[in-house]
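Engineer: Sharing start.cif here; it has mmCIF, C-alpha atoms (C1' of nucleotides).
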data_run
#
loop_
_atom_site.label_atom_id
_atom_site.label_comp_id
_atom_site.auth_asym_id
_atom_site.auth_seq_id
_atom_site.Cartn_x
_atom_site.Cartn_y
_atom_site.Cartn_z
CA MET A 1 235.54 -22.13 -92.23
CA ILE A 2 236.69 -18.92 -93.82
CA LEU A 3 234.71 -17.94 -96.86
CA THR A 4 235.25 -15.41 -99.53
CA TYR A 5 231.89 -13.89 -100.16
CA MET A 6 230.61 -14.60 -103.62
CA TYR A 7 228.71 -12.07 -105.63
CA ASN A 8 225.11 -12.80 -104.79
CA THR A 9 223.96 -16.25 -103.94
CA ARG A 10 220.26 -16.76 -103.82
CA SER A 11 219.10 -18.36 -107.02
CA ARG A 12 217.40 -15.88 -109.24
CA HIS A 13 213.64 -15.90 -109.23
CA PHE A 14 211.27 -14.10 -111.44
CA ARG A 15 210.98 -10.58 -110.11
CA SER A 16 207.44 -9.37 -110.39
CA ARG A 17 206.74 -5.75 -111.21
CA GLU A 18 203.56 -5.91 -109.19
CA PHE A 19 203.47 -3.97 -105.97
CA GLY A 20 200.97 -3.12 -103.37
CA ALA A 21 199.20 -6.43 -102.97
CA VAL A 22 198.08 -6.52 -99.39
CA GLU A 23 198.99 -9.65 -97.50
CA ARG A 24 196.05 -11.77 -96.48
CA PHE A 25 193.60 -9.07 -97.53
CA ILE A 26 191.23 -11.86 -98.54
CA GLU A 27 190.45 -12.72 -94.92
CA PRO A 28 189.16 -9.29 -93.82
CA CYS A 29 187.18 -9.18 -97.08
CA ILE A 30 185.60 -12.57 -96.37
CA LEU A 31 184.80 -11.56 -92.79
CA LEU A 32 183.17 -8.35 -93.95
CA LEU A 33 181.06 -10.16 -96.55
CA LEU A 34 180.01 -12.76 -93.99
CA SER A 35 179.12 -9.95 -91.58
CA LYS A 36 176.35 -9.02 -93.99
CA THR A 37 175.08 -12.52 -94.71
CA PRO A 38 176.22 -16.16 -94.58
CA SER A 39 177.58 -17.45 -97.86
CA HIS A 40 179.51 -20.27 -99.50
CA GLY A 41 182.88 -20.43 -101.24
CA TYR A 42 181.83 -20.22 -104.83
CA GLY A 43 179.23 -17.57 -104.01
CA LEU A 44 181.87 -15.41 -102.35
CA LEU A 45 184.00 -15.49 -105.48
CA ALA A 46 182.26 -12.72 -107.41
CA ASP A 47 181.88 -10.47 -104.36
CA LEU A 48 185.56 -10.89 -103.51
CA ALA A 49 186.54 -9.91 -107.02
CA THR A 50 184.82 -6.58 -106.39
CA HIS A 51 186.10 -6.02 -102.87
CA CYS A 52 189.46 -7.74 -102.93
CA GLY A 53 190.87 -6.94 -106.34
CA GLU A 54 190.39 -8.95 -109.48
CA LYS A 55 192.41 -12.05 -108.84
CA VAL A 56 191.05 -14.43 -106.23
CA ASP A 57 192.24 -17.99 -106.62
CA ILE A 58 189.35 -20.36 -105.98
CA GLY A 59 191.61 -23.00 -104.46
CA ASP A 60 193.14 -20.48 -102.12
CA LEU A 61 189.65 -19.28 -101.20
CA TYR A 62 188.45 -22.73 -100.13
CA ARG A 63 191.61 -23.41 -98.18
CA THR A 64 191.41 -20.01 -96.52
CA LEU A 65 187.80 -20.63 -95.47
CA ARG A 66 188.75 -23.98 -93.91
CA SER A 67 191.69 -22.42 -92.19
CA MET A 68 189.51 -19.61 -90.83
CA GLU A 69 187.08 -22.20 -89.55
CA MET A 70 189.87 -24.03 -87.73
CA ASP A 71 190.68 -20.76 -85.98
CA GLY A 72 187.07 -20.23 -85.00
CA TRP A 73 186.54 -17.11 -87.09
CA VAL A 74 183.72 -18.77 -89.03
CA THR A 75 181.61 -21.91 -88.80
CA SER A 76 180.23 -23.97 -91.65
CA LYS A 77 177.55 -26.51 -92.40
CA TRP A 78 176.32 -28.25 -95.52
CA ASP A 79 173.27 -26.76 -97.15
CA GLU A 80 171.42 -29.58 -98.90
CA LYS A 81 168.14 -27.86 -99.60
CA GLN A 82 168.74 -26.51 -103.09
CA GLY A 83 169.16 -28.21 -106.43
CA GLY A 84 172.68 -28.56 -107.73
CA ARG A 85 175.62 -29.68 -105.71
CA ASN A 86 175.48 -29.18 -101.95
CA LYS A 87 176.98 -25.99 -100.64
CA ARG A 88 179.10 -25.51 -97.56
CA VAL A 89 177.70 -22.33 -96.03
CA TYR A 90 179.89 -20.23 -93.78
CA LYS A 91 178.79 -17.94 -90.95
CA ILE A 92 180.93 -15.45 -89.08
CA THR A 93 181.44 -15.96 -85.34
CA THR A 94 181.86 -13.48 -82.49
CA ASP A 95 185.61 -14.14 -82.62
CA GLY A 96 185.52 -13.48 -86.35
CA ARG A 97 183.98 -10.06 -85.77
CA GLU A 98 186.76 -9.25 -83.31
CA ILE A 99 189.39 -10.32 -85.83
CA LEU A 100 187.74 -8.14 -88.46
CA LYS A 101 187.88 -5.16 -86.12
CA ASP A 102 191.60 -5.79 -85.52
CA ALA A 103 192.19 -6.21 -89.22
CA VAL A 104 190.59 -2.86 -89.97
CA ALA A 105 192.85 -1.26 -87.40
CA SER A 106 195.91 -2.91 -89.00
CA LEU A 107 194.82 -1.71 -92.40
CA ARG A 108 194.53 1.86 -91.13
CA LYS A 109 198.21 1.71 -90.21
CA THR A 110 199.01 0.32 -93.63
CA ASP A 111 197.02 3.10 -95.21
CA ASN A 112 199.05 5.65 -93.27
CA LEU A 113 202.31 4.13 -94.48
CA ILE A 114 201.17 4.17 -98.08
CA HIS A 115 200.12 7.81 -97.78
CA HIS A 116 203.44 8.60 -96.18
CA LEU A 117 205.11 7.21 -99.30
CA PHE A 118 202.80 9.22 -101.57
CA THR A 119 203.70 12.41 -99.71
CA GLY A 120 207.40 11.63 -100.00
CA TYR A 121 207.03 10.88 -103.68
CA GLN A 122 205.22 14.16 -104.34
CA LYS A 123 207.97 15.99 -102.52
CA VAL A 124 210.74 14.41 -104.60
CA PHE A 125 208.80 14.54 -107.87
CA PRO A 126 206.50 17.57 -107.57
CA ASP A 127 205.60 17.48 -111.27
CA ALA A 128 204.55 13.82 -111.25
CA LYS A 129 201.04 13.36 -112.53
CA ILE A 130 198.71 11.43 -110.28
CA VAL A 131 197.90 8.25 -112.17
CA MET B 1 191.47 -43.18 -108.58
CA ILE B 2 188.34 -42.29 -106.72
CA LEU B 3 188.93 -40.46 -103.50
CA THR B 4 186.73 -39.61 -100.61
CA TYR B 5 187.68 -36.09 -99.67
CA MET B 6 189.11 -35.82 -96.24
CA TYR B 7 188.28 -32.99 -93.93
CA ASN B 8 190.98 -30.46 -94.61
CA THR B 9 194.42 -31.47 -95.72
CA ARG B 10 197.00 -28.78 -95.62
CA SER B 11 199.09 -29.11 -92.53
CA ARG B 12 198.22 -26.49 -90.02
CA HIS B 13 200.56 -23.53 -89.75
CA PHE B 14 200.61 -20.76 -87.27
CA ARG B 15 197.94 -18.32 -88.33
CA SER B 16 199.13 -14.80 -87.74
CA ARG B 17 196.67 -12.15 -86.62
CA GLU B 18 198.63 -9.56 -88.53
CA PHE B 19 197.01 -8.06 -91.57
CA GLY B 20 197.66 -5.34 -94.02
CA ALA B 21 201.38 -5.70 -94.57
CA VAL B 22 201.99 -4.55 -98.10
CA GLU B 23 203.90 -7.05 -100.19
CA ARG B 24 207.30 -5.89 -101.32
CA PHE B 25 206.67 -2.40 -99.97
CA ILE B 26 210.35 -2.25 -99.13
CA GLU B 27 211.35 -1.82 -102.78
CA PRO B 28 209.34 1.33 -103.52
CA CYS B 29 210.60 2.71 -100.20
CA ILE B 30 214.21 2.01 -101.15
CA LEU B 31 213.70 3.53 -104.58
CA LEU B 32 212.20 6.68 -103.07
CA LEU B 33 215.03 7.05 -100.57
CA LEU B 34 217.62 6.56 -103.32
CA SER B 35 215.80 9.15 -105.42
CA LYS B 36 216.84 11.69 -102.84
CA THR B 37 220.44 10.57 -102.39
CA PRO B 38 222.65 7.50 -102.90
CA SER B 39 223.02 5.36 -99.80
CA HIS B 40 224.18 1.99 -98.51
CA GLY B 41 222.35 -0.93 -96.93
CA TYR B 42 223.01 -0.28 -93.30
CA GLY B 43 222.41 3.44 -93.77
CA LEU B 44 219.01 2.78 -95.31
CA LEU B 45 217.95 0.77 -92.27
CA ALA B 46 216.87 3.65 -90.04
CA ASP B 47 215.18 5.54 -92.86
CA LEU B 48 213.26 2.43 -93.88
CA ALA B 49 212.05 1.95 -90.33
CA THR B 50 210.43 5.36 -90.56
CA HIS B 51 209.02 4.99 -94.06
CA CYS B 52 208.34 1.29 -94.31
CA GLY B 53 207.03 0.37 -90.88
CA GLU B 54 209.03 -0.76 -87.92
CA LYS B 55 210.30 -4.15 -88.94
CA VAL B 56 212.89 -4.27 -91.69
CA ASP B 57 215.01 -7.39 -91.71
CA ILE B 58 218.62 -6.46 -92.44
CA GLY B 59 219.29 -9.71 -94.27
CA ASP B 60 216.26 -9.22 -96.45
CA LEU B 61 217.36 -5.65 -97.11
CA TYR B 62 220.79 -6.66 -98.43
CA ARG B 63 219.34 -9.41 -100.57
CA THR B 64 216.66 -7.07 -101.91
CA LEU B 65 219.27 -4.49 -102.87
CA ARG B 66 221.32 -7.09 -104.76
CA SER B 67 218.22 -8.37 -106.46
CA MET B 68 217.21 -4.85 -107.47
CA GLU B 69 220.68 -4.34 -108.87
CA MET B 70 220.35 -7.48 -110.98
CA ASP B 71 217.18 -6.03 -112.45
CA GLY B 72 218.89 -2.75 -113.22
CA TRP B 73 216.82 -0.64 -110.85
CA VAL B 74 219.93 0.42 -108.94
CA THR B 75 223.68 0.27 -109.38
CA SER B 76 226.31 -0.12 -106.68
CA LYS B 77 229.96 0.43 -106.06
CA TRP B 78 232.27 0.10 -103.09
CA ASP B 79 233.00 3.28 -101.21
CA GLU B 80 236.45 2.92 -99.68
CA LYS B 81 237.07 6.49 -98.67
CA GLN B 82 235.81 6.50 -95.09
CA GLY B 83 237.11 4.88 -91.96
CA GLY B 84 235.35 1.75 -90.83
CA ARG B 85 234.34 -1.09 -93.06
CA ASN B 86 233.83 -0.37 -96.74
CA LYS B 87 230.33 0.47 -97.82
CA ARG B 88 228.52 -0.65 -100.93
CA VAL B 89 226.75 2.49 -102.08
CA TYR B 90 223.63 2.21 -104.20
CA LYS B 91 222.33 4.69 -106.76
CA ILE B 92 218.96 4.64 -108.48
CA THR B 93 218.88 4.25 -112.28
CA THR B 94 216.52 5.64 -114.90
CA ASP B 95 214.80 2.26 -114.98
CA GLY B 96 214.50 2.39 -111.21
CA ARG B 97 212.69 5.71 -111.41
CA GLU B 98 210.22 4.20 -113.89
CA ILE B 99 209.63 1.25 -111.58
CA LEU B 100 209.01 3.63 -108.70
CA LYS B 101 206.43 5.50 -110.77
CA ASP B 102 204.66 2.23 -111.58
CA ALA B 103 204.83 1.15 -107.95
CA VAL B 104 203.17 4.38 -106.83
CA ALA B 105 200.39 3.77 -109.36
CA SER B 106 199.95 0.21 -108.05
CA LEU B 107 199.81 1.49 -104.50
CA ARG B 108 197.09 3.96 -105.43
CA LYS B 109 194.95 1.02 -106.52
CA THR B 110 195.74 -0.75 -103.27
CA ASP B 111 194.78 2.35 -101.36
CA ASN B 112 191.43 2.42 -103.16
CA LEU B 113 190.75 -1.20 -102.24
CA ILE B 114 191.57 -0.58 -98.61
CA HIS B 115 189.29 2.45 -98.52
CA HIS B 116 186.58 0.42 -100.19
CA LEU B 117 186.83 -2.02 -97.30
CA PHE B 118 186.72 0.81 -94.75
CA THR B 119 183.55 2.16 -96.36
CA GLY B 120 181.96 -1.29 -96.32
CA TYR B 121 182.95 -1.77 -92.70
CA GLN B 122 181.44 1.55 -91.68
CA LYS B 123 178.25 0.63 -93.45
CA VAL B 124 177.93 -2.71 -91.65
CA PHE B 125 179.14 -1.39 -88.30
CA PRO B 126 178.09 2.27 -88.21
CA ASP B 127 178.86 2.60 -84.50
CA ALA B 128 182.41 1.25 -84.79
CA LYS B 129 184.96 3.65 -83.40
CA ILE B 130 187.81 4.55 -85.70
CA VAL B 131 190.93 3.14 -84.06
"C1'" DA C 1 176.99 -36.69 -126.02
"C1'" DA C 2 179.65 -32.91 -125.07
"C1'" DT C 3 180.29 -28.55 -123.14
"C1'" DT C 4 179.61 -25.17 -119.71
"C1'" DA C 5 178.44 -23.45 -115.13
"C1'" DT C 6 178.20 -24.34 -110.44
"C1'" DA C 7 180.55 -26.22 -106.38
"C1'" DT C 8 184.24 -28.17 -103.24
"C1'" DA C 9 188.71 -29.81 -102.59
"C1'" DT C 10 193.74 -31.25 -103.00
"C1'" DG C 11 198.73 -31.66 -105.15
"C1'" DA C 12 202.70 -29.48 -106.24
"C1'" DT C 13 205.58 -25.77 -106.73
"C1'" DA C 14 207.14 -20.85 -106.70
"C1'" DT C 15 207.72 -16.89 -104.11
"C1'" DT C 16 208.28 -14.21 -100.12
"C1'" DA C 17 209.13 -13.40 -95.18
"C1'" DA C 18 211.46 -14.42 -91.01
"C1'" DC C 19 214.96 -15.96 -88.07
"C1'" DA C 20 219.61 -17.20 -87.33
"C1'" DT C 21 224.44 -17.05 -88.17
"C1'" DA C 22 229.10 -15.82 -90.39
"C1'" DT C 23 232.33 -12.41 -91.66
"C1'" DA C 24 234.78 -7.88 -91.07
"C1'" DT C 25 236.29 -3.27 -89.06
"C1'" DG C 26 236.50 0.39 -85.66
"C1'" DT C 27 235.48 2.61 -81.09
"C1'" DA C 28 234.63 2.91 -76.23
"C1'" DC C 29 235.84 1.61 -71.83
"C1'" DA C 30 237.26 -0.90 -67.72
"C1'" DT D 1 244.36 -6.20 -73.35
"C1'" DG D 2 240.33 -7.82 -74.00
"C1'" DT D 3 235.66 -7.55 -74.52
"C1'" DA D 4 231.54 -5.50 -75.52
"C1'" DC D 5 229.16 -2.78 -78.80
"C1'" DA D 6 228.11 -0.34 -83.14
"C1'" DT D 7 228.76 -0.37 -87.87
"C1'" DA D 8 228.64 -3.00 -92.22
"C1'" DT D 9 227.78 -6.85 -95.65
"C1'" DA D 10 226.36 -11.34 -96.62
"C1'" DT D 11 224.47 -16.22 -96.51
"C1'" DG D 12 221.83 -20.61 -94.64
"C1'" DT D 13 217.64 -22.39 -93.42
"C1'" DT D 14 213.02 -22.75 -92.65
"C1'" DA D 15 208.22 -20.99 -92.33
"C1'" DA D 16 204.41 -18.90 -94.48
"C1'" DT D 17 201.96 -17.54 -98.41
"C1'" DA D 18 200.58 -17.35 -103.31
"C1'" DT D 19 199.96 -19.55 -107.66
"C1'" DC D 20 198.94 -22.90 -111.01
"C1'" DA D 21 197.11 -27.24 -112.04
"C1'" DT D 22 194.10 -30.98 -111.37
"C1'" DA D 23 190.38 -34.15 -109.27
"C1'" DT D 24 185.74 -34.77 -107.94
"C1'" DA D 25 180.64 -33.95 -108.30
"C1'" DT D 26 175.95 -32.22 -110.02
"C1'" DA D 27 172.91 -29.86 -113.13
"C1'" DA D 28 171.73 -27.17 -117.14
"C1'" DT D 29 172.45 -26.09 -121.86
"C1'" DT D 30 173.63 -26.85 -126.65
#
Show me the file's structure as structure tokens.

Structural biologist:
Amino acid sequence: MILTYMYNTRSRHFRSREFGAVERFIEPCILLLLSKTPSHGYGLLADLATHCGEKVDIGDLYRTLRSMEMDGWVTSKWDEKQGGRNKRVYKITTDGREILKDAVASLRKTDNLIHHLFTGYQKVFPDAKIV
Amino acid sequence: MILTYMYNTRSRHFRSREFGAVERFIEPCILLLLSKTPSHGYGLLADLATHCGEKVDIGDLYRTLRSMEMDGWVTSKWDEKQGGRNKRVYKITTDGREILKDAVASLRKTDNLIHHLFTGYQKVFPDAKIV
DNA sequence: AATTATATATGATATTAACATATATGTACA
DNA sequence: TGTACATATATGTTAATATCATATATAATT
């Protein structure tokens, strides 16, 4: 079938002006936190806010933890000792530490790309103030 | 309705071991390249490979350019002068330059977060070699 | 008794990324 | 001449990820 191309096509979505969010940054952050000490979902929330940027969706966090467990990066068990609702406590595994190491290496490449862009930007706009 | 929570729920997808890709990094890269000189989709491809990482999907690139045009970050017109197929040449707008400035600021925050993770990693694993 | 904080989990949808294919023109070359 | 390849733009479809909302549960506070 011969088509005449129409101007655009894909239905228009909201175009965010946010840039620079790192894909799946939450996982390396979780692995690093669990490298220090075992913890549970809700407990990780505040620490992730500090290490991962402000916005960490709690639903996403729980699903990510389960998903990481399925891949063998962490293990979990219920902690029923304390008062309050039971907590599912996660521990990093040997595989998880390997993944973290790989993730750090990936992020170094990302860092290089970002700096490459900064350098290019400074070259094109030498008077631009560093915000 | 009272439910007993089932172990996990979300259907299992392939879990990539790739980390650190920056979301929508392609747009700041395009804007920087167009800050230097107007260009067309296919022509941007090689430059983006250098500045944006290896993998740039050509289909995504064309759609991104159209989408950026709809937002007024760039303008385009057909260039019919040359031999070969006509080219749609894109130029950055004043708005586009503002967006680029904001994107660079966003990426500086991202860069800080990544470095924060590096520092934390070095603290937990002081013997880790820098890959 | 109602609200808030802690705690885990799922439903539904929006957004983005990835892979594949269609269309179109010109050049090399066998 | 025909066919492979490079250039060039565009769309269809699906997979993966992010976001927003809601359900469940327990304990402390007001």

Engineer: Could you list, as a PyMOL selection string, every residue within 8 Å of segment 14-17 of chain C, counting only C-alpha atoms (C1' of nucleotides) and ignoring same-chain residues fewer than 5 positions away?

Structural biologist: (chain A and resi 13) or (chain D and resi 16-19)

Engineer: For DT8 of chain C, please output as a ChimeraX atom specification all residues within 9 Å (counting only C-alpha atoms (C1' of nucleotides); exclusion window: fewer than 2 positions along the same chain).

Structural biologist: /A:41-42,62,86-88 /D:24-25

Engineer: Create the file for the chosen residues now, containing C-alpha atoms (C1' of nucleotides) and written as an mmCIF file, keeping the file's coordinate frame.

Structural biologist:
data_model
loop_
_atom_site.group_PDB
_atom_site.id
_atom_site.type_symbol
_atom_site.label_atom_id
_atom_site.label_comp_id
_atom_site.auth_asym_id
_atom_site.auth_seq_id
_atom_site.Cartn_x
_atom_site.Cartn_y
_atom_site.Cartn_z
ATOM 1 C CA GLY A 41 182.880 -20.430 -101.240
ATOM 2 C CA TYR A 42 181.830 -20.220 -104.830
ATOM 3 C CA TYR A 62 188.450 -22.730 -100.130
ATOM 4 C CA ASN A 86 175.480 -29.180 -101.950
ATOM 5 C CA LYS A 87 176.980 -25.990 -100.640
ATOM 6 C CA ARG A 88 179.100 -25.510 -97.560
ATOM 7 C "C1'" DT D 24 185.740 -34.770 -107.940
ATOM 8 C "C1'" DA D 25 180.640 -33.950 -108.300
#

Engineer: Could you work out how far atom CA of Leu48 of chain A lies from atom C1' of DA28 of chain D, giving the answer in Å with one decimal?

Structural biologist: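 If I compute the distance from atom C1' of DA28 of chain D to atom CA of Leu48 of chain A, I get 25.3 Å.
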
Engineer: Find the distance between atom CA of Trp78 of chain B and atom CA of Ile92 of chain B and write it in Å to one decimal.

Structural biologist: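 Those two atoms sit 15.1 Å apart.
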
Engineer: Considering all atoms listed in the file, state which residue in the set B:Pro126, B:Gly96, B:Gly84, B:Gly120 is at the smallest distance from Met70 of chain B.

Structural biologist: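 Result for the nearest residue to Met70 of chain B: B:Gly96.
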
Engineer: Excluding DA30 of chain C and residues on its chain fewer than 3 positions from it, collect all residues at most 12 Å away from it, counting only C-alpha atoms (C1' of nucleotides), and give them as a list in words.

Structural biologist: DT1, DG2, DT3 and DA4 of chain D

Engineer: Please list as a PyMOL selection string every residue within 9 Å of segment 28-31 of chain B, counting all atoms listed in the file and excluding residues in the same chain fewer than 4 positions away.

Structural biologist: (chain A and resi 19+117) or (chain B and resi 24+35-36+44+48+51-52+65+73-74+91-92+96-97+99-101+103-104)

Engineer: For the file shown, what are the residues hit by the PyMOL selection byres ((chain A and resi 79) around 12), laid out as a list in words?

Structural biologist: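 Those residues are Pro38, Ser39, His40, Ser76, Lys77, Trp78, Glu80, Lys81, Gln82, Gly83, Gly84, Arg85, Asn86, Lys87, Arg88, Val89 and Tyr90 of chain A; DA7 of chain C.
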
Engineer: Which residues of chain B are close to chain A, meaning at most 9 Å apart when you count only C-alpha atoms, and how do they look as JSON, numbers by chain?

Structural biologist: {"B": [8, 9, 10, 12, 15, 17, 18, 19, 20, 21, 22, 23, 24, 25, 27, 28, 29, 32, 33, 35, 36, 51, 52, 53, 63, 66, 67, 68, 71, 99, 101, 102, 103, 104, 105, 106, 107, 108, 109, 110, 111, 113, 114, 115, 116, 117, 118, 120, 121, 124, 128, 130, 131]}

Engineer: Using all atoms listed in the file, tabulate the residues of chain D lying at most 10 Å from any atom of chain B, each with its closest atom pair and that distance in Å to one decimal, by chain and increasing residue number, as a Markdown table.

Structural biologist:
| residue | atom | partner | partner_atom | distance |
| --- | --- | --- | --- | --- |
| D:DT7 | C1' | B:Gly84 | CA | 7.5 |
| D:DA8 | C1' | B:Arg85 | CA | 6.1 |
| D:DT9 | C1' | B:Tyr62 | CA | 7.5 |
| D:DA10 | C1' | B:Tyr62 | CA | 7.5 |
| D:DT11 | C1' | B:Gly59 | CA | 8.6 |
| D:DA15 | C1' | B:His13 | CA | 8.5 |
| D:DA16 | C1' | B:His13 | CA | 7.7 |
| D:DA23 | C1' | B:Leu3 | CA | 8.7 |
| D:DT24 | C1' | B:Leu3 | CA | 7.9 |

Engineer: Check what the PyMOL selection byres ((chain C) within 8 of (chain B)) selects in the file above and give those residues as a compact mmCIF listing (two decimals) with C-alpha atoms (C1' of nucleotides), keeping the file's coordinate frame.

Structural biologist:
# COMPACT_ATOMS: atom_id res chain seq x y z
C1' DA C 9 188.71 -29.81 -102.59
C1' DT C 10 193.74 -31.25 -103.00
C1' DA C 18 211.46 -14.42 -91.01
C1' DA C 24 234.78 -7.88 -91.07
C1' DT C 25 236.29 -3.27 -89.06
C1' DG C 26 236.50 0.39 -85.66

Engineer: Write out as a PyMOL selection string each polymer residue whose atoms come within 10 Å of DG11 of chain C, counting all atoms listed in the file; drop sequence neighbours fewer than 2 positions from it.

Structural biologist: (chain C and resi 13) or (chain D and resi 21-23)

Engineer: In Å, rounded to a single decimal, give me how far atom CA of Glu69 of chain B is from atom C1' of DG12 of chain D.

Structural biologist: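 The value is 21.6 Å.
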
Engineer: Please expand the PyMOL selection byres ((chain C and resi 27) around 9) into the concrete residues it hits in this file, giving the result as a PyMOL selection string.

Structural biologist: (chain C and resi 26+28) or (chain D and resi 5-6)

Engineer: Within 7 Å of (177.0, -28.2, -119.8), all atoms listed in the file: residues as a PyMOL selection string?

Structural biologist: (chain C and resi 3-5) or (chain D and resi 28-29)

Engineer: Restore N, CA, C and O atoms in segment 49-64 of chain A and list the result as a short mmCIF file (atom, residue, chain, number, x, y, z; two decimals), in the frame of the given file.

Structural biologist:
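Once everything was written out, this is selection25.cif:
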data_model
loop_
_atom_site.label_atom_id
_atom_site.label_comp_id
_atom_site.auth_asym_id
_atom_site.auth_seq_id
_atom_site.Cartn_x
_atom_site.Cartn_y
_atom_site.Cartn_z
N ALA A 49 185.92 -10.56 -105.86
CA ALA A 49 186.54 -9.91 -107.02
C ALA A 49 186.32 -8.40 -106.94
O ALA A 49 187.22 -7.61 -107.23
N THR A 50 185.13 -8.01 -106.52
CA THR A 50 184.82 -6.58 -106.39
C THR A 50 185.56 -5.93 -105.22
O THR A 50 186.09 -4.84 -105.35
N HIS A 51 185.60 -6.65 -104.10
CA HIS A 51 186.10 -6.02 -102.87
C HIS A 51 187.57 -6.26 -102.63
O HIS A 51 188.18 -5.58 -101.81
N CYS A 52 188.14 -7.24 -103.28
CA CYS A 52 189.46 -7.74 -102.93
C CYS A 52 190.46 -7.56 -104.07
O CYS A 52 191.59 -7.97 -103.96
N GLY A 53 190.04 -6.96 -105.14
CA GLY A 53 190.87 -6.94 -106.34
C GLY A 53 190.42 -8.06 -107.25
O GLY A 53 189.68 -8.95 -106.84
N GLU A 54 190.90 -8.04 -108.46
CA GLU A 54 190.39 -8.95 -109.48
C GLU A 54 190.71 -10.41 -109.22
O GLU A 54 189.86 -11.27 -109.35
N LYS A 55 191.96 -10.66 -108.85
CA LYS A 55 192.41 -12.05 -108.84
C LYS A 55 192.19 -12.72 -107.49
O LYS A 55 192.88 -12.43 -106.54
N VAL A 56 191.21 -13.59 -107.42
CA VAL A 56 191.05 -14.43 -106.23
C VAL A 56 191.10 -15.87 -106.71
O VAL A 56 190.27 -16.31 -107.49
N ASP A 57 192.11 -16.59 -106.24
CA ASP A 57 192.24 -17.99 -106.62
C ASP A 57 191.23 -18.83 -105.85
O ASP A 57 191.17 -18.78 -104.63
N ILE A 58 190.44 -19.60 -106.61
CA ILE A 58 189.35 -20.36 -105.98
C ILE A 58 189.88 -21.42 -105.00
O ILE A 58 189.30 -21.62 -103.93
N GLY A 59 191.00 -22.02 -105.35
CA GLY A 59 191.61 -23.00 -104.46
C GLY A 59 192.07 -22.37 -103.16
O GLY A 59 191.84 -22.90 -102.07
N ASP A 60 192.69 -21.23 -103.28
CA ASP A 60 193.14 -20.48 -102.12
C ASP A 60 191.95 -20.08 -101.25
O ASP A 60 192.01 -20.14 -100.02
N LEU A 61 190.86 -19.69 -101.92
CA LEU A 61 189.65 -19.28 -101.20
C LEU A 61 189.11 -20.41 -100.33
O LEU A 61 188.85 -20.22 -99.14
N TYR A 62 188.97 -21.60 -100.90
CA TYR A 62 188.45 -22.73 -100.13
C TYR A 62 189.38 -23.08 -98.97
O TYR A 62 188.95 -23.36 -97.86
N ARG A 63 190.66 -23.07 -99.24
CA ARG A 63 191.61 -23.41 -98.18
C ARG A 63 191.58 -22.35 -97.09
O ARG A 63 191.67 -22.67 -95.90
N THR A 64 191.46 -21.10 -97.49
CA THR A 64 191.41 -20.01 -96.52
C THR A 64 190.17 -20.14 -95.63
O THR A 64 190.24 -19.98 -94.41
#
